[in-house]
Amino acid sequence: MPRRNDIKKILLIGSGPIIIGQACEFDYSGTQACKALKEEGYEVVLINSNPATIMTDPEISDATYVEPLTPEFVERVIEKERPDALLPTLGGQTGLNLAMKVSEQGILEKYNVELIGAPYDVIKKAEDRECFKEAVLKVGLEVPESAFAHTIEEAREAAKKIGFPLIVRSSYTLGGTGGGIVHNDEELEKIAFLGLESSMNSEILIEESIEGWKEYELEVMRDCKDNVVIVCSIENLDPLGVHTGDSITVAPAQTLSDKEYQRMRDQTLAVIREIGVETGGCNVQFAVDPKNGRIVVIEVNPRVSRSSALASKATGFPIAKFAAKLAIGYSLDEIQNDITRETPAAFEPTIDYCVTKIPRFTFEKFPEAGDTLGVSMKSVGETMAIGRTFKESLQKGLRGLEIGHVGLDNKLNFKDISDEKMTQRLKVPNASRIFYIKYALQKGMSIDEIFEITKIDPWFLSNIAELVEFENKLKKEFDEKKTVGEDSLRQAKQWGFGDAQLAQIFLTTEKEVRSLRESLGIRAVFKLVDTCAAEFEAYTPYYYSTYEDEDESKAAKKEKSQKKKIMILGGGPNRIGQGIEFDYCCCHASFALKEMDFETIMVNSNPETVSTDYDTSDRLYFEPLTFEDVMNIVEVEKPDGVIVQLGGQTPLNLAHALNEVGVPIIGTTVESIDLAENREKFSEFITKLGLSQPENGAALSAEEAIKIAQRIGYPVLARPSYVLGGRAMKIVYDEKSLLEFIEEAKDVSQGHPVLIDQFIEDAIEVDVDGISDGQDAVVAGMMEHIENAGIHSGDSACVLPPHTLSSTLIKRIKKHTCDIAKGLKVVGLLNIQFAIKRDRIYVLEVNPRASRTVPFVSKATGVSLAKIASQIMAGKKISDFKFVDIEELKNISVKESVLPFSRFSGVDIVLGPEMKSTGEVMGIDETFGAAFAKSQAAAGQSLPQDGKIFLSVNDTDKRNIAFLAKKLFDMKFHLLSTRGTARALKKNGIKVQIIDKVGEGKNDLLKLIKENKINLIINTPSGQKSQSDMRSIRAAAILQNVPCITTIQGAWAAINGIESSKEKDFNVKSLQEYYRKGV
Amino acid sequence: MKHAFWYLFYMKKAIIYLEDGTIFQGRSIFSSGESAGEMVFNTSMSGYQEILTDPSYAGQIVTMTYPLIGNYGVNEEDVESDKVHVKGFVVKEFARRYSNFRATKCLMEYLKENNIIAIENVDTRALTRHLRVCGAMKGIISTEDFDPKSLADKLKKVPDMEGSDWVKEVSIKEKYIWNKGAKHDLKVAVIDCGVKFNILRILASLGCEVHVFPSTASAEEILAINPSGLFISNGPGDPAAVPYVVETVKAFLGKLPMFGICLGNQILGLALGGKTYKLKFGHRGANHPVKDLKENKISITSQNHGFCIDIESLNKEDVEVTHINLNDKTVEGIDHKKYPLFSVQYHPEASPGPHDAQYLFDKFIKMMKDFHAET
């Protein structure tokens, strides 16, 4: 069936800000879908609040609404655009849930909008536990056995029927309280009692425990003619009990025989047919009992997912693109496979390599939360590696993770690990378990013993054991002969040992290993990802490296064009501080340079991204971003230019080494990068320009640190040098805390000095993004932070253009920026953070690279900074482009950050100099208040229109609170407060209800929050001492989703927002409209 | 023997020498000697035990495109005949330790017991690409002789696949009943050209008493059991080299319901006056899309063939093409407008591969029942 002609306009819902569990994979799938639908001639309308996405680029859709993802805003967009259909399956869980809500509220019916891809009933069947269970059982498949119990007797009865071990879950409680795994009657009684107590309706679910079973996932596509194909199978290395997103996973499935695999395939088909997924992609998760092969169905997602993005990258089969085409009527045989060109999409990809995905965690940012893994996802990013063997892809993945490991290396000496610690690190799933498996093997533990403890399949363990055994052999050979033979070295490379890793084993340098390898003629070759294991010719140049005979990139060279080549280094796995914003920049570079007729080459290892879509660049290398791996590509491609300033700190860190061996880095030179990063040289430079910096110093010892701090005066900002994203940065108020900090920082700074800066209290922080061609420079964006300096710029909400700065100040900042850019001879982008106090401007930091705010500025101004910067790096001049003067902007844009606190129990949500947010949203409107209110709604913290506001501020803020409270009071809010703040307010004649301190009365705040009786919390922490009850208040606020503001500036912005939303209804306007009328 | 690390470092050099002079390096872990045959590749990611024991691979050296082989070991059940038929086995890496609840043995040990020359650490992707570009060709694996000239001479003595009768090598010598004494309502005669056990298992499970005949059985011998229908099996080699089977089948045209799979499809095509030809490198894998033109439905199918019916050679008035391969548009199935017969080029019995096309067995059962109800 060809495309549907009865629909003309289609609405897509994006997934909103990057949060844990929902990252840039939905930008990848959403972008593919928008492009596919546009290609088919439909008018595409998009709503997504995340400005850092390619999807929200104005070229991708016909009308792009950067508006909050709430039913109200979706209704406004529908009302205005009148789409014929809504495609809900490409915006993650957020998009799906929102589509369900607007459907339930009758909005779709009211405006006659059809849900395509997955109708309401199907989503319901897949998402509702009971409906899902019923559907699975109906087609004769199994789910884990379970029963509800309302009394201890019933619980005992159920346990007898199902058998131990069991999972007890309490119904209707948050965060899994009152549940657990029980192994016998005694434990059952204890846990069941607690569970029944904490459940609101005295009900517990007793479920068969399948912890330790093997977990699999099948990615599947179905078309309107009921043709079904399995795109990819995925096997988790970590057994059930660890969230798939946090597990190391491998594609294809490794330890299923064909008989079992086909049984799983049959079950997948039966399940999706029963649930009724009509068209598009979905995934089915299974658990398999390793003892007898019994299969139970765990979950079905009737939409594209993180796994489907991974499956697309792992196989070359673009699930999201095809899902969009299937949703508008095509069948699988009518869609062509882009890679082979001659075969249809109606087939099952077969691969001839092994793919390993490894999650990236950021536990170091949340030291209060343990690194234990469980059923709730905690990783913030992932890396994928392709190799011809599991061993190769595992090791490539580990070095691509950029967590300081050069492969499955020996960061710890196994001899230093006690038996007790070893068992504990193996038994309780955690972020470094894969390394402990190695240490355990080195210590002499057998595969079977490790299997007993971890339940990780012996096949995986055996592969790791072979690596350990081989490493021993290599070391022995090297110790004996002071070198290694060709066969051994080749084997090492084939099993993924990096040069740096071998250098650690041989106690030599990476350079030495490399030259030995080259002298033996052992070089990486590149193979194609082609969906078909070489059965058909492939036309898309999507490569990975390995060590074998044939190099396919060389074979393809003969027919290559004479175009000049530019290579773009991506940002690797997402982490806090380096995420989708940088991928956005890399994609734009590729688009812009293609426009200039360059051949673009992308290097990246992050499967979630648009940059690793084979459509984005002329050539794609899916490789770790290490010196060795990048050099391998440089050697075969011989690029005319390499861009290192767009992928964040990762490629910038490689600049030195690449420059040294003569790789042609384009844009700002390595010398300039150095100047910006070297503190002394930089201070000199700033002084020469006549600018000010906060007083500062570098200390190698505690004594030095104290001296510097005394000179500068407390508070000071202390941080280890050479770290990213404000890692381990702290504001220190006295000598005692400074000493504590230095003790803690030892680990992170590793011999590098600790940096101590004057901390300018109560300063306004301003972020500037500029572009320069070396002679000329412009300010492309200037943002004023809502929170004071001292909160990491990535976590602070900010406003473009600055809302409180005078025109004189803005002009001065512009001049400073241009002076710095020219002085540093920046070619491309630079980002500067300024602090402003009493009209005095301080330069806090200069980064001669793309910043996190580049996409936000681009969306707010309609000028693509990354595109211009890339073209300048390739030779164009500032004068070739048109810029928008930020003082002439007609609209106000607010960027708000989104924080992952709800994932990390026990972590205080107070912001500081260390970045903690995972994503961002944007609110754009004509006034600051409306833009801010939109940004809050988009961040999931809709400001209340009425109700109760809790106020509690520290002593410094008490002088500022009266006016603020009066405003709220006048807006008819009911104010509550603790004694201290209440006293300050009463003095000013403001009526306020005093409530008990936590734990001191019946109606303490905690209780009120839990009962949903508080609508907004304004709570500023007192200096360093964050009182424990304030912490629990903020934690409770997160659980109940009550907006919680922790700065006075934030509170003022909120008041502005509340005011404007009370005045009139919000307008929605597409970016295209804004740009047409002039932003 | 679950743990086999001693294999890790005890390896012998091995090479593959191809007819066109191309050489691939590898290593042998447990086998030594020489073996020659037609080099082919299979793109299934699982099912190596079924592939090894599939008689259709007689005379061929099989390369698996999936690099990690042996992960789930071997077991007693997943066999498609009572021996390993491949001439040689080429992979990227054999699993040192297997893991699966049904496994009883390590794949390497299994191959050694069956005296199969198997080598690893070969750039199997390069080998596959070579065969795709240059076509299927003869090759020899050796762990002893690395002299290209002498290997070329040895290869010359190996007969070409085209024109070779491999059926007689793999067919049974005496007829037998697969499920003797089982309750049944139909009696199917199977001409064993190298039949896969799963075909027999499925026919039996659908209520047939399955009588298996040698490929050389005469029409009279088959008629003697008074079968409800005739099944012509898969098998190795060139269909044009087995005219005796074609003749036998001809005798039943229009007289008995017939179903052919793979070589059986080609034999039926020949019996209906068509011709067959050799494909450049054949179809071997478990992911080929086949469209049923009558039902307008796509099945993902298991395939293993080097020859194909020439669509142009068929008499269009009587013979209808019912299935085509969506990848290369070759014929994947035919039926006859007057006679009760149909056949497919692919493997609805799967094993290994998807079960999408098992509806064809039901069709055969129904065809037999209808035929006998009418007569």
# chains A, B, ... in the order shown; residues from 1 in each chain; ligands from 1

$ interface_residues --of "chain A" --to "chain B" --cutoff "7 Å" --atoms "only C-alpha atoms" --output "number ranges by chain"
A: 227, 254-258, 262, 290-293, 343-344, 346-348, 350-353, 388-389, 458-459, 462, 533-535, 548-550

$ select_by_dssp --residues "segment 129-330 of chain B" --states "strand (DSSP E or B)" --output "VMD selection string"
chain B and resid 137 to 142 176 to 177 186 to 192 208 to 214 229 to 232 258 to 261 276 to 292 297 to 309 319 to 325

$ select_by_dssp --residues "segment 124-272 of chain A" --states "helix (DSSP H, G or I)" --output "PyMOL selection string"
chain A and resi 124-127+129-138+152-162+185-198+244-246+258-272

$ closest_residue --among "B:Ile261, B:Ile202, B:Cys208, B:Val249" --to "Gln358 of chain B" --atoms "only C-alpha atoms"
B:Ile202

$ closest_residue --among "B:Trp166, B:Thr143, B:Leu52, B:Thr248" --to "Lys13 of chain B" --atoms "only C-alpha atoms"
B:Thr143

$ residues_around --residues "Met567 of chain A" --least-positions-apart "4" --cutoff "10 Å" --atoms "only C-alpha atoms" --output "PDB file with N, CA and C atoms, in the first residue's frame"
ATOM      1  N   ALA A 589      28.274  21.095  11.979  1.00  0.00           N
ATOM      2  CA  ALA A 589      29.526  21.245  11.240  1.00  0.00           C
ATOM      3  C   ALA A 589      29.467  20.397   9.977  1.00  0.00           C
ATOM      4  N   SER A 590      28.996  19.180  10.138  1.00  0.00           N
ATOM      5  CA  SER A 590      28.932  18.288   8.983  1.00  0.00           C
ATOM      6  C   SER A 590      27.993  18.859   7.912  1.00  0.00           C
ATOM      7  N   PHE A 598      32.694  20.124   0.958  1.00  0.00           N
ATOM      8  CA  PHE A 598      33.728  19.261   1.543  1.00  0.00           C
ATOM      9  C   PHE A 598      33.145  17.875   1.717  1.00  0.00           C
ATOM     10  N   GLU A 599      34.046  16.901   1.779  1.00  0.00           N
ATOM     11  CA  GLU A 599      33.593  15.578   2.186  1.00  0.00           C
ATOM     12  C   GLU A 599      33.774  15.522   3.695  1.00  0.00           C
ATOM     13  N   THR A 600      32.697  15.176   4.433  1.00  0.00           N
ATOM     14  CA  THR A 600      32.805  15.197   5.887  1.00  0.00           C
ATOM     15  C   THR A 600      32.931  13.788   6.451  1.00  0.00           C
ATOM     16  N   ILE A 601      33.772  13.690   7.468  1.00  0.00           N
ATOM     17  CA  ILE A 601      34.036  12.400   8.109  1.00  0.00           C
ATOM     18  C   ILE A 601      33.740  12.565   9.595  1.00  0.00           C
ATOM     19  N   MET A 602      32.816  11.762  10.100  1.00  0.00           N
ATOM     20  CA  MET A 602      32.452  11.867  11.524  1.00  0.00           C
ATOM     21  C   MET A 602      33.080  10.711  12.295  1.00  0.00           C
ATOM     22  N   VAL A 603      33.627  11.037  13.459  1.00  0.00           N
ATOM     23  CA  VAL A 603      34.149   9.988  14.342  1.00  0.00           C
ATOM     24  C   VAL A 603      33.445  10.135  15.679  1.00  0.00           C
ATOM     25  N   SER A 617      26.876  12.375   7.882  1.00  0.00           N
ATOM     26  CA  SER A 617      28.126  12.773   7.239  1.00  0.00           C
ATOM     27  C   SER A 617      28.384  11.904   6.020  1.00  0.00           C
ATOM     28  N   ARG A 619      31.056  10.163   5.540  1.00  0.00           N
ATOM     29  CA  ARG A 619      31.611   8.912   6.036  1.00  0.00           C
ATOM     30  C   ARG A 619      31.511   8.893   7.550  1.00  0.00           C
ATOM     31  N   LEU A 620      31.181   7.740   8.079  1.00  0.00           N
ATOM     32  CA  LEU A 620      31.036   7.612   9.529  1.00  0.00           C
ATOM     33  C   LEU A 620      31.979   6.531  10.056  1.00  0.00           C
ATOM     34  N   VAL A 630      41.728   7.442  16.744  1.00  0.00           N
ATOM     35  CA  VAL A 630      41.589   8.558  15.813  1.00  0.00           C
ATOM     36  C   VAL A 630      42.723   8.515  14.783  1.00  0.00           C
ATOM     37  N   ILE A 633      42.249   6.255  11.852  1.00  0.00           N
ATOM     38  CA  ILE A 633      41.366   6.796  10.811  1.00  0.00           C
ATOM     39  C   ILE A 633      42.103   7.862  10.010  1.00  0.00           C
ATOM     40  N   VAL A 634      42.847   8.712  10.727  1.00  0.00           N
ATOM     41  CA  VAL A 634      43.607   9.759  10.039  1.00  0.00           C
ATOM     42  C   VAL A 634      44.526   9.113   9.000  1.00  0.00           C
ATOM     43  N   GLU A 637      42.330   8.000   6.011  1.00  0.00           N
ATOM     44  CA  GLU A 637      41.560   9.054   5.347  1.00  0.00           C
ATOM     45  C   GLU A 637      42.417  10.230   4.899  1.00  0.00           C
ATOM     46  N   LYS A 638      43.505  10.475   5.605  1.00  0.00           N
ATOM     47  CA  LYS A 638      44.356  11.645   5.328  1.00  0.00           C
ATOM     48  C   LYS A 638      43.518  12.911   5.121  1.00  0.00           C
ATOM     49  N   PRO A 639      42.800  13.331   6.147  1.00  0.00           N
ATOM     50  CA  PRO A 639      41.914  14.489   5.997  1.00  0.00           C
ATOM     51  C   PRO A 639      42.698  15.783   5.798  1.00  0.00           C
ATOM     52  N   ASP A 640      42.065  16.747   5.134  1.00  0.00           N
ATOM     53  CA  ASP A 640      42.696  18.047   4.946  1.00  0.00           C
ATOM     54  C   ASP A 640      42.537  18.920   6.185  1.00  0.00           C
ATOM     55  N   GLY A 641      41.562  18.583   6.994  1.00  0.00           N
ATOM     56  CA  GLY A 641      41.377  19.331   8.226  1.00  0.00           C
ATOM     57  C   GLY A 641      40.675  18.480   9.259  1.00  0.00           C
ATOM     58  N   VAL A 642      40.998  18.720  10.548  1.00  0.00           N
ATOM     59  CA  VAL A 642      40.321  17.996  11.622  1.00  0.00           C
ATOM     60  C   VAL A 642      39.776  19.023  12.598  1.00  0.00           C
ATOM     61  N   ILE A 643      38.489  18.884  12.958  1.00  0.00           N
ATOM     62  CA  ILE A 643      37.862  19.821  13.889  1.00  0.00           C
ATOM     63  C   ILE A 643      37.784  19.191  15.278  1.00  0.00           C
ATOM     64  N   VAL A 644      38.382  19.863  16.265  1.00  0.00           N
ATOM     65  CA  VAL A 644      38.391  19.320  17.628  1.00  0.00           C
ATOM     66  C   VAL A 644      37.592  20.187  18.601  1.00  0.00           C
ATOM     67  N   PRO A 664      46.402  17.915  10.736  1.00  0.00           N
ATOM     68  CA  PRO A 664      46.016  19.299  10.470  1.00  0.00           C
ATOM     69  C   PRO A 664      44.741  19.735  11.186  1.00  0.00           C
ATOM     70  N   ILE A 665      44.916  20.261  12.416  1.00  0.00           N
ATOM     71  CA  ILE A 665      43.761  20.737  13.173  1.00  0.00           C
ATOM     72  C   ILE A 665      43.367  22.107  12.642  1.00  0.00           C
ATOM     73  N   ILE A 666      42.101  22.257  12.298  1.00  0.00           N
ATOM     74  CA  ILE A 666      41.674  23.564  11.787  1.00  0.00           C
ATOM     75  C   ILE A 666      40.873  24.300  12.853  1.00  0.00           C
TER      76      ILE A 666
END

$ residues_around --residues "Lys1007 of chain A" --least-positions-apart "4" --cutoff "12 Å" --atoms "only C-alpha atoms" --output "PyMOL selection string"
chain A and resi 995-1003+1011-1014+1032-1033+1036-1037+1040

$ write_last_selection --atoms "N, CA and C atoms" --output "PDB file, in the first residue's frame"
ATOM      1  N   ILE A 995       4.610  26.830  60.641  1.00  0.00           N
ATOM      2  CA  ILE A 995       4.415  25.384  60.763  1.00  0.00           C
ATOM      3  C   ILE A 995       5.597  24.750  61.477  1.00  0.00           C
ATOM      4  N   ASP A 996       5.315  23.539  61.984  1.00  0.00           N
ATOM      5  CA  ASP A 996       6.302  22.869  62.830  1.00  0.00           C
ATOM      6  C   ASP A 996       7.527  22.465  62.033  1.00  0.00           C
ATOM      7  N   LYS A 997       8.643  22.432  62.773  1.00  0.00           N
ATOM      8  CA  LYS A 997       9.850  21.875  62.171  1.00  0.00           C
ATOM      9  C   LYS A 997       9.636  20.382  61.955  1.00  0.00           C
ATOM     10  N   VAL A 998      10.388  19.866  61.049  1.00  0.00           N
ATOM     11  CA  VAL A 998      10.234  18.452  60.713  1.00  0.00           C
ATOM     12  C   VAL A 998      10.442  17.593  61.954  1.00  0.00           C
ATOM     13  N   GLY A 999       9.491  16.730  62.182  1.00  0.00           N
ATOM     14  CA  GLY A 999       9.603  15.805  63.292  1.00  0.00           C
ATOM     15  C   GLY A 999       9.168  16.407  64.619  1.00  0.00           C
ATOM     16  N   GLU A1000       8.733  17.670  64.633  1.00  0.00           N
ATOM     17  CA  GLU A1000       8.393  18.293  65.905  1.00  0.00           C
ATOM     18  C   GLU A1000       6.908  18.507  66.107  1.00  0.00           C
ATOM     19  N   GLY A1001       6.122  18.039  65.177  1.00  0.00           N
ATOM     20  CA  GLY A1001       4.698  18.219  65.399  1.00  0.00           C
ATOM     21  C   GLY A1001       3.892  17.374  64.437  1.00  0.00           C
ATOM     22  N   LYS A1002       2.589  17.432  64.622  1.00  0.00           N
ATOM     23  CA  LYS A1002       1.716  16.613  63.790  1.00  0.00           C
ATOM     24  C   LYS A1002       1.725  17.094  62.343  1.00  0.00           C
ATOM     25  N   ASN A1003       1.725  18.434  62.221  1.00  0.00           N
ATOM     26  CA  ASN A1003       1.589  18.990  60.891  1.00  0.00           C
ATOM     27  C   ASN A1003       2.882  19.598  60.381  1.00  0.00           C
ATOM     28  N   GLU A1011       1.353  15.046  51.539  1.00  0.00           N
ATOM     29  CA  GLU A1011      -0.092  15.033  51.289  1.00  0.00           C
ATOM     30  C   GLU A1011      -0.460  15.965  50.141  1.00  0.00           C
ATOM     31  N   ASN A1012       0.551  16.464  49.450  1.00  0.00           N
ATOM     32  CA  ASN A1012       0.328  17.317  48.289  1.00  0.00           C
ATOM     33  C   ASN A1012      -0.380  18.615  48.626  1.00  0.00           C
ATOM     34  N   LYS A1013      -0.077  19.152  49.810  1.00  0.00           N
ATOM     35  CA  LYS A1013      -0.772  20.359  50.227  1.00  0.00           C
ATOM     36  C   LYS A1013       0.071  21.607  50.010  1.00  0.00           C
ATOM     37  N   ILE A1014       1.279  21.434  49.459  1.00  0.00           N
ATOM     38  CA  ILE A1014       2.166  22.575  49.202  1.00  0.00           C
ATOM     39  C   ILE A1014       2.332  22.690  47.687  1.00  0.00           C
ATOM     40  N   SER A1032      15.647  16.891  53.807  1.00  0.00           N
ATOM     41  CA  SER A1032      14.537  15.954  53.621  1.00  0.00           C
ATOM     42  C   SER A1032      13.341  16.658  52.986  1.00  0.00           C
ATOM     43  N   ILE A1033      13.223  17.956  53.248  1.00  0.00           N
ATOM     44  CA  ILE A1033      12.130  18.715  52.627  1.00  0.00           C
ATOM     45  C   ILE A1033      12.321  18.727  51.116  1.00  0.00           C
ATOM     46  N   ALA A1036      11.648  15.380  49.600  1.00  0.00           N
ATOM     47  CA  ALA A1036      10.217  15.085  49.513  1.00  0.00           C
ATOM     48  C   ALA A1036       9.581  15.866  48.364  1.00  0.00           C
ATOM     49  N   ALA A1037      10.055  17.095  48.185  1.00  0.00           N
ATOM     50  CA  ALA A1037       9.511  17.927  47.113  1.00  0.00           C
ATOM     51  C   ALA A1037       9.727  17.261  45.759  1.00  0.00           C
ATOM     52  N   GLN A1040       7.298  14.394  45.247  1.00  0.00           N
ATOM     53  CA  GLN A1040       5.923  14.813  44.991  1.00  0.00           C
ATOM     54  C   GLN A1040       5.834  15.782  43.819  1.00  0.00           C
TER      55      GLN A1040
END

$ atom_distance --atom1 "atom CA of Thr808 of chain A" --atom2 "atom CA of Asp762 of chain A"
20.3 Å

$ closest_residue --among "B:Lys168, B:His323, B:Lys156, B:Lys316" --to "Gly274 of chain B" --atoms "only C-alpha atoms"
B:Lys316

$ closest_residue --among "A:Cys1044, A:Cys532, A:Val1068, A:Ile434" --to "His405 of chain A" --atoms "only C-alpha atoms"
A:Ile434
